>>> print(open('start_14.csv').read())   # CSV, C-alpha atoms
chain,number,residue,atom,x,y,z
A,1,MET,CA,31.1,20.4,-31.0
A,2,HIS,CA,30.4,21.3,-27.4
A,3,GLY,CA,27.4,23.7,-27.0
A,4,VAL,CA,29.3,26.1,-24.9
A,5,VAL,CA,31.5,26.8,-28.0
A,6,MET,CA,28.5,27.2,-30.3
A,7,ARG,CA,26.7,29.5,-27.9
A,8,GLY,CA,30.0,31.4,-27.4
A,9,LEU,CA,30.4,31.9,-31.1
A,10,GLN,CA,26.9,33.3,-31.3
A,11,GLN,CA,27.6,35.7,-28.4
A,12,PHE,CA,30.9,36.7,-30.0
A,13,VAL,CA,29.3,37.7,-33.3
A,14,VAL,CA,26.4,39.5,-31.7
A,15,GLU,CA,28.7,41.4,-29.3
A,16,GLU,CA,31.4,42.3,-31.9
A,17,TYR,CA,28.9,43.1,-34.7
A,18,ASP,CA,25.2,42.7,-34.1
A,19,ARG,CA,22.2,40.3,-33.9
A,20,SER,CA,21.2,40.8,-37.5
A,21,THR,CA,24.7,39.8,-38.7
A,22,TRP,CA,24.4,36.6,-36.6
A,23,LYS,CA,21.0,35.8,-38.0
A,24,GLU,CA,22.3,36.3,-41.5
A,25,ILE,CA,25.3,34.0,-40.9
A,26,LYS,CA,23.2,31.4,-39.2
A,27,THR,CA,20.5,31.4,-42.0
A,28,GLU,CA,23.3,30.9,-44.6
A,29,THR,CA,24.8,27.9,-42.8
A,30,THR,CA,22.1,26.0,-41.0
A,31,ASP,CA,18.3,25.5,-40.8
A,32,ARG,CA,18.6,25.2,-37.0
A,33,SER,CA,16.2,27.6,-35.4
A,34,GLU,CA,16.6,27.0,-31.7
A,35,ARG,CA,19.3,28.6,-29.6
A,36,TYR,CA,22.5,26.7,-28.8
A,37,MET,CA,22.4,25.1,-25.4
A,38,PRO,CA,25.8,25.0,-23.5
A,39,LEU,CA,25.7,21.4,-22.5
A,40,LYS,CA,24.4,19.9,-25.8
A,41,GLU,CA,26.5,18.7,-28.6
A,42,TYR,CA,26.2,19.9,-32.2
A,43,PRO,CA,27.7,18.7,-35.5
A,44,ASP,CA,31.3,19.8,-36.1
A,45,GLU,CA,30.3,20.7,-39.7
A,46,GLU,CA,27.9,23.3,-38.4
A,47,LEU,CA,30.6,25.1,-36.4
A,48,LEU,CA,33.0,24.9,-39.3
A,49,SER,CA,30.4,26.2,-41.8
A,50,ILE,CA,29.5,29.1,-39.5
A,51,ILE,CA,33.2,30.0,-39.0
A,52,GLU,CA,33.7,30.1,-42.8
A,53,SER,CA,30.6,32.2,-43.4
A,54,ALA,CA,31.4,34.5,-40.5
A,55,ALA,CA,34.9,35.1,-41.8
A,56,ASP,CA,33.6,36.0,-45.2
A,57,GLU,CA,30.7,38.2,-43.8
A,58,LEU,CA,33.0,40.0,-41.3
A,59,GLU,CA,35.9,40.3,-43.8
A,60,HIS,CA,38.3,38.5,-41.5
A,61,SER,CA,40.6,35.6,-42.3
A,62,ARG,CA,39.5,32.3,-40.8
A,63,GLU,CA,42.6,32.4,-38.6
A,64,GLU,CA,41.9,36.0,-37.3
A,65,LEU,CA,38.3,35.1,-36.5
A,66,LEU,CA,39.2,31.9,-34.6
A,67,ILE,CA,41.8,33.6,-32.6
A,68,GLU,CA,39.5,36.5,-31.6
A,69,PHE,CA,36.7,34.1,-30.9
A,70,GLY,CA,39.0,32.0,-28.7
A,71,ILE,CA,40.1,35.1,-26.7
A,72,SER,CA,36.5,36.1,-26.2
A,73,LEU,CA,35.3,32.7,-25.1
A,74,MET,CA,37.9,32.1,-22.4
A,75,ASP,CA,36.2,34.0,-19.6
A,76,ASP,CA,33.1,31.9,-20.1
A,77,LEU,CA,35.1,28.7,-20.1
A,78,LEU,CA,36.9,29.7,-16.9
A,79,ASP,CA,33.6,30.5,-15.2
A,80,MET,CA,32.2,27.1,-16.3
A,81,TYR,CA,35.2,25.0,-15.4
A,82,PHE,CA,36.9,26.8,-12.5
A,83,VAL,CA,36.0,24.0,-10.1
A,84,TYR,CA,38.6,21.8,-12.0
A,85,PHE,CA,41.5,24.1,-11.3
A,86,ASP,CA,43.5,24.5,-8.2
A,87,ASP,CA,43.4,28.0,-6.7
A,88,ASP,CA,47.1,28.4,-6.8
A,89,TRP,CA,47.5,27.6,-10.5
A,90,ASP,CA,48.8,30.2,-12.9
A,91,ALA,CA,48.0,30.3,-16.6
A,92,LEU,CA,50.7,27.8,-17.5
A,93,ASP,CA,49.5,25.4,-14.9
A,94,VAL,CA,46.0,25.5,-16.4
A,95,ILE,CA,47.4,24.8,-19.8
A,96,GLU,CA,49.5,21.9,-18.5
A,97,HIS,CA,46.5,20.3,-16.8
A,98,VAL,CA,43.6,21.1,-19.0
A,99,GLU,CA,43.6,17.6,-20.7
A,100,GLU,CA,43.1,15.7,-17.5
A,101,ALA,CA,41.1,18.4,-15.7
A,102,ILE,CA,38.5,19.0,-18.3
A,103,HIS,CA,38.9,17.0,-21.6
A,104,GLU,CA,39.1,13.6,-20.0
A,105,SER,CA,36.1,14.3,-17.8
A,106,LEU,CA,34.1,15.4,-20.9
A,107,ARG,CA,35.0,12.2,-22.7
A,108,ALA,CA,34.2,10.0,-19.7
A,109,ARG,CA,30.7,11.2,-19.1
A,110,SER,CA,28.2,8.5,-19.7
A,111,LEU,CA,26.3,8.9,-22.9
A,112,SER,CA,28.8,11.6,-23.9
A,113,THR,CA,29.8,12.0,-27.4
A,114,PHE,CA,31.9,15.1,-26.7
A,115,THR,CA,35.2,15.0,-28.6
A,116,PRO,CA,37.5,17.7,-27.4
A,117,PRO,CA,40.9,17.9,-29.0
A,118,LYS,CA,43.6,15.6,-27.6
A,119,LEU,CA,46.3,17.5,-25.8
A,120,GLN,CA,49.6,16.2,-24.6
A,121,THR,CA,51.5,18.7,-22.6
A,122,LYS,CA,55.0,18.9,-21.2
A,123,ARG,CA,56.3,21.4,-18.8
A,124,ALA,CA,59.5,22.5,-20.5
A,125,SER,CA,60.5,24.8,-17.6
A,126,THR,CA,58.8,26.9,-15.0
A,127,ASP,CA,58.0,29.4,-17.7
A,128,ALA,CA,57.1,27.2,-20.7
A,129,VAL,CA,54.7,24.5,-21.6
A,130,VAL,CA,54.8,22.6,-24.9
A,131,ILE,CA,51.5,21.3,-26.3
A,132,LYS,CA,50.9,18.5,-28.8
A,133,TYR,CA,47.5,19.3,-30.3
A,134,THR,CA,45.6,16.7,-32.2
A,135,SER,CA,42.1,17.1,-33.6
A,136,ASP,CA,40.3,16.2,-36.7
A,137,ARG,CA,38.8,19.7,-36.6
A,138,GLN,CA,42.2,21.3,-37.0
A,139,LEU,CA,41.3,24.4,-35.0
A,140,CYS,CA,44.7,25.2,-33.7
A,141,GLU,CA,44.0,28.9,-34.3
A,142,PHE,CA,41.1,28.7,-31.9
A,143,ALA,CA,43.5,27.0,-29.4
A,144,ARG,CA,45.9,29.9,-29.8
A,145,GLY,CA,43.0,32.3,-29.1
A,146,LEU,CA,42.0,30.4,-26.0
A,147,ILE,CA,45.6,30.6,-24.7
A,148,ARG,CA,45.7,34.4,-25.4
A,149,GLY,CA,42.4,34.7,-23.5
A,150,LEU,CA,43.8,32.7,-20.7
A,151,ALA,CA,46.9,34.9,-20.6
A,152,GLU,CA,44.6,38.0,-20.4
A,153,ALA,CA,42.4,36.5,-17.7
A,154,TYR,CA,45.4,35.6,-15.5
A,155,ASP,CA,47.3,38.8,-16.5
A,156,ASP,CA,50.2,36.5,-17.4
A,157,PRO,CA,52.3,37.6,-20.4
A,158,LEU,CA,52.4,34.5,-22.6
A,159,GLU,CA,53.9,34.2,-26.1
A,160,ILE,CA,52.8,31.4,-28.4
A,161,SER,CA,54.8,29.8,-31.2
A,162,GLU,CA,53.7,27.0,-33.4
A,163,PRO,CA,56.7,25.2,-34.9
A,164,ARG,CA,54.5,22.3,-36.3
A,165,CYS,CA,51.0,22.7,-37.7
A,166,MET,CA,48.5,20.4,-39.3
A,167,HIS,CA,47.6,23.2,-41.8
A,168,ASN,CA,51.2,22.8,-43.1
A,169,GLY,CA,50.9,19.0,-43.5
A,170,ASP,CA,52.2,18.0,-40.1
A,171,PRO,CA,50.3,15.1,-38.4
A,172,TYR,CA,49.7,17.3,-35.3
A,173,CYS,CA,50.4,20.8,-34.1
A,174,VAL,CA,53.0,21.8,-31.5
A,175,LEU,CA,52.3,24.9,-29.6
A,176,VAL,CA,55.0,26.4,-27.4
A,177,VAL,CA,53.7,28.7,-24.7
A,178,GLU,CA,56.3,30.7,-22.9
A,179,ARG,CA,55.9,33.3,-20.1
A,180,GLN,CA,57.7,36.5,-21.1
A,181,SER,CA,59.7,38.2,-18.4
A,182,ASP,CA,59.3,41.9,-18.0
A,183,PRO,CA,62.8,43.4,-18.7
A,184,PHE,CA,61.9,46.4,-16.6
A,185,ALA,CA,60.7,44.5,-13.5
A,186,GLU,CA,63.9,44.8,-11.6
A,187,LEU,CA,64.4,48.5,-12.2
>>> encode(input="start_14.csv", output="C-alpha cells")
Amino acid sequence: MHGVVMRGLQQFVVEEYDRSTWKEIKTETTDRSERYMPLKEYPDEELLSIIESAADELEHSREELLIEFGISLMDDLLDMYFVYFDDDWDALDVIEHVEEAIHESLRARSLSTFTPPKLQTKRASTDAVVIKYTSDRQLCEFARGLIRGLAEAYDDPLEISEPRCMHNGDPYCVLVVERQSDPFAEL
C-alpha cells in the first residue's frame, strides 16, 4: 500500500479521535515503530489489519470507516497529484482520467512495486462516468469515499451507485458517478 494512504490513515484517526487511539490500534496490528513515509510502500495486510482494528475500536463498520477515511484523504491526494490534472478539469474529468494520470505513472516508476487499483472509466455523458474497479484489496468503499471527497473539494454534487460489487461475488465493482442537477438553479 502506498505510504500516502498509510500516513493519511494515521492522520485521520488522530484528527478524528486522538493520538492514544492511533497508538493503541497500531500496537494491536503491527510491530512497526517508525512513522509512515508518504512515498514508501507498505504491506497491504498491514493496512487491512489496521482498518479492521480501527473499525472495532472506533465502533464503526468497515464500510463507514473506509468511506470517511477516503473523504478525509482526498485533499492530501489532490495536493500531491495536482500537477497531473488539467486546470480546466472538473471532478468527473479527474475521475475519468485518474488511471492514466496517476495510477499508470505509479506502476511505471522504475523499481516501483506500487499496485494501485485498476480502473477502467467510460464517460457515459457530460454528467456521468462509469468506473470498472478491480483490485485484490477490494477497497471499493474507500474508492467511494475518495469520490465523495473529490466532490466536496470541487464543490460538485456527485451521486455514487454501485450496481456490481466484489463483496457481493462479482469479479469487479462498477461505480456509476453522476452529477446531480440543482432543481432550483433556474428559479
>>> atom_distance(input="start_14.csv", atom1="atom CA of A:Asp44", atom2="atom CA of A:Met1")
5.1 Å
>>> atom_distance(input="start_14.csv", atom1="atom CA of A:Glu24", atom2="atom CA of A:Leu65")
16.8 Å
>>> residues_around(input="start_14.csv", residues="A:Gln180", least_positions_apart="5", cutoff="12 Å", atoms="all atoms listed in the file", output="list in words")
Leu92, Thr126, Asp127, Ala128, Ala151, Asp155, Asp156, Pro157, Leu158, Glu159, Ile160 and Ala185 of chain A
>>> residues_around(input="start_14.csv", residues="A:Ser135", least_positions_apart="4", cutoff="9 Å", atoms="all atoms listed in the file", output="list in words")
Thr115, Pro116, Pro117, Lys118, Leu119, Leu139, Cys140 and Tyr172 of chain A
>>> closest_residue(input="start_14.csv", among="A:Val176, A:Met80, A:Val129, A:Leu39", to="A:His97", atoms="only C-alpha atoms")
A:Val129
